[in-house]
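Student: Sending over a structure as structure tokens; questions will come in a sec.
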Amino acid sequence: MSKKPDVEKIGTSSLGNEMSLKECEVIANIMEIRELSDGEYLIDERGHEHTLFLLVDGRLDVISEANKNSPVYAMSPGEVAGTRAFVDRTPRRATLKAVGKTTIYTLEPAPFEALLKTRPDIVYKVMRALFRITHDNLGRMNQETEQLTNYINKSNGRY
């Protein structure tokens, strides 16, 4: 018998923080668990799979093809990756690499979309979460851009 995703970890994540534990259990039933070793790649930039990833334990480095030697972001437990590919079915835009032993819960589009017939309320809450996650990521990137611009222009702070 295979392990099932931990409902409470889903509930405290950015994906499930709006759902009850019973609703998280429905999502857990269609998720898989993936374990990665240190340095193992979860996905490669330009990959065509459309899986959504919930980081449960460990860390994932987000790596851009333009700068393979330095991560552009370090994901922490509870964060989600792959929102754009999951929703839009477009190629990946970054590579994800495990730092240390890492556990990820995966969600495929087909079983998630099948919930539209039986649990549209859960699909709605997950889609709201994906929107919030994308919005938060955009806000973080805008803040980093502003800080970099201030540094380059030597404005709004000591540089």
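Chain lettering (A, B, ...) mirrors the order of the structure tokens, residue numbering begins at 1 for each chain separately, and ligand numbering begins at 1 in order of display.
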If you count only C-alpha atoms, which residues fall within 8 Å of Ala129 of chain A, apart from same-chain ones fewer than 5 positions away, as a CSV table (one decimal) with C-alpha atoms, in the first residue's frame?
Tutor:
```csv
chain,number,residue,atom,x,y,z
A,14,SER,CA,-0.5,28.0,0.1
A,15,LEU,CA,-2.7,25.6,-1.9
A,16,GLY,CA,-5.0,24.4,0.8
A,18,GLU,CA,-8.7,28.1,2.3
```
Student: Using only C-alpha atoms, determine which residues lie at most 10 Å from Glu25 of chain A, disregarding the query and same-chain residues fewer than 2 positions distant; provide the list as a PyMOL selection string.
Tutor: chain A and resi 4-8+10-11+19-23+27-31
Student: Could you work out how far atom CA of Asp38 of chain A lies from atom CA of Asp88 of chain A, giving the answer in Å with one decimal?
Tutor: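 Going from atom CA of Asp88 of chain A over to atom CA of Asp38 of chain A, I get 29.7 Å.
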Student: Choose the residue, out of A:Leu54, A:Val87, A:Leu96, A:Leu42, that has the smallest atom-to-atom separation from Thr12 of chain A; count only C-alpha atoms.
Tutor: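 The answer is A:Leu54, which sits nearest to Thr12 of chain A.
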Student: I'd like to know which of A:Glu49, A:Lys154, A:Val26, A:Asn17 is closest to Pro91 of chain A, using only C-alpha atoms.
Tutor: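 Looking at the shortest contact to Pro91 of chain A, the residue is A:Glu49.
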Student: Have a look at A:Glu65, A:Asp136, A:Glu79, A:Glu113 and name the one nearest to Glu45 of chain A; count only C-alpha atoms.
Tutor: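 The answer is A:Glu65, which sits nearest to Glu45 of chain A.
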Student: Mind pulling up the distance from atom CA of Met75 of chain A to atom CA of Ala94 of chain A?
Tutor: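 Between these atoms lies a distance of 12.5 Å.
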Student: Please report, as an MDAnalysis selection string, each residue of segment 54-118 of chain A to which DSSP assigns strand (DSSP E) when run on this structure's backbone.
Tutor: chainID A and resid 54:63 73:75 80:81 95:107
Student: So which one's closest to Ser13 of chain A, A:Ala85, A:Ile133, A:Val62, A:Ile33? Using only C-alpha atoms, please.
Tutor: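 Nearest to Ser13 of chain A: A:Ile133.
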Student: Neighbouring residues of Glu108 of chain A were defined as those with any atom within 7 Å, considering only C-alpha atoms; residues of the same chain fewer than 3 positions away were excluded. Please report them as an mmCIF file with N, CA and C atoms, in the first residue's frame.
Tutor:
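After the write, out-v8.cif holds the following:
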```
data_model
loop_
_atom_site.group_PDB
_atom_site.id
_atom_site.type_symbol
_atom_site.label_atom_id
_atom_site.label_comp_id
_atom_site.auth_asym_id
_atom_site.auth_seq_id
_atom_site.Cartn_x
_atom_site.Cartn_y
_atom_site.Cartn_z
ATOM 1 N N HIS A 50 2.564 18.866 -17.181
ATOM 2 C CA HIS A 50 1.708 19.924 -16.640
ATOM 3 C C HIS A 50 1.354 19.703 -15.168
ATOM 4 N N THR A 51 2.203 18.991 -14.483
ATOM 5 C CA THR A 51 1.987 18.658 -13.085
ATOM 6 C C THR A 51 2.144 19.894 -12.195
ATOM 7 N N LEU A 52 1.315 19.967 -11.169
ATOM 8 C CA LEU A 52 1.428 20.986 -10.139
ATOM 9 C C LEU A 52 2.197 20.363 -8.974
ATOM 10 N N PRO A 111 -7.134 14.290 -13.144
ATOM 11 C CA PRO A 111 -7.955 13.963 -11.970
ATOM 12 C C PRO A 111 -8.494 15.198 -11.253
ATOM 13 N N PHE A 112 -7.736 16.295 -11.309
ATOM 14 C CA PHE A 112 -8.222 17.536 -10.703
ATOM 15 C C PHE A 112 -9.456 18.035 -11.447
#
```
Student: Just give me the gap between atom CA of Asp61 of chain A and atom CA of Thr95 of chain A in Å, one decimal is fine.
Tutor: 8.0 Å
Student: DSSP on the backbone: what in segment 36-118 of chain A comes out alpha helix (DSSP H), as a PyMOL selection string?
Tutor: chain A and resi 83-88+109-118
Student: Skip Ser64 of chain A itself and residues of its chain fewer than 6 positions away, then list as a VMD selection string all residues within 12 Å of it, counting only C-alpha atoms.
Tutor: chain A and resid 43 to 46 70 to 73 92 to 97
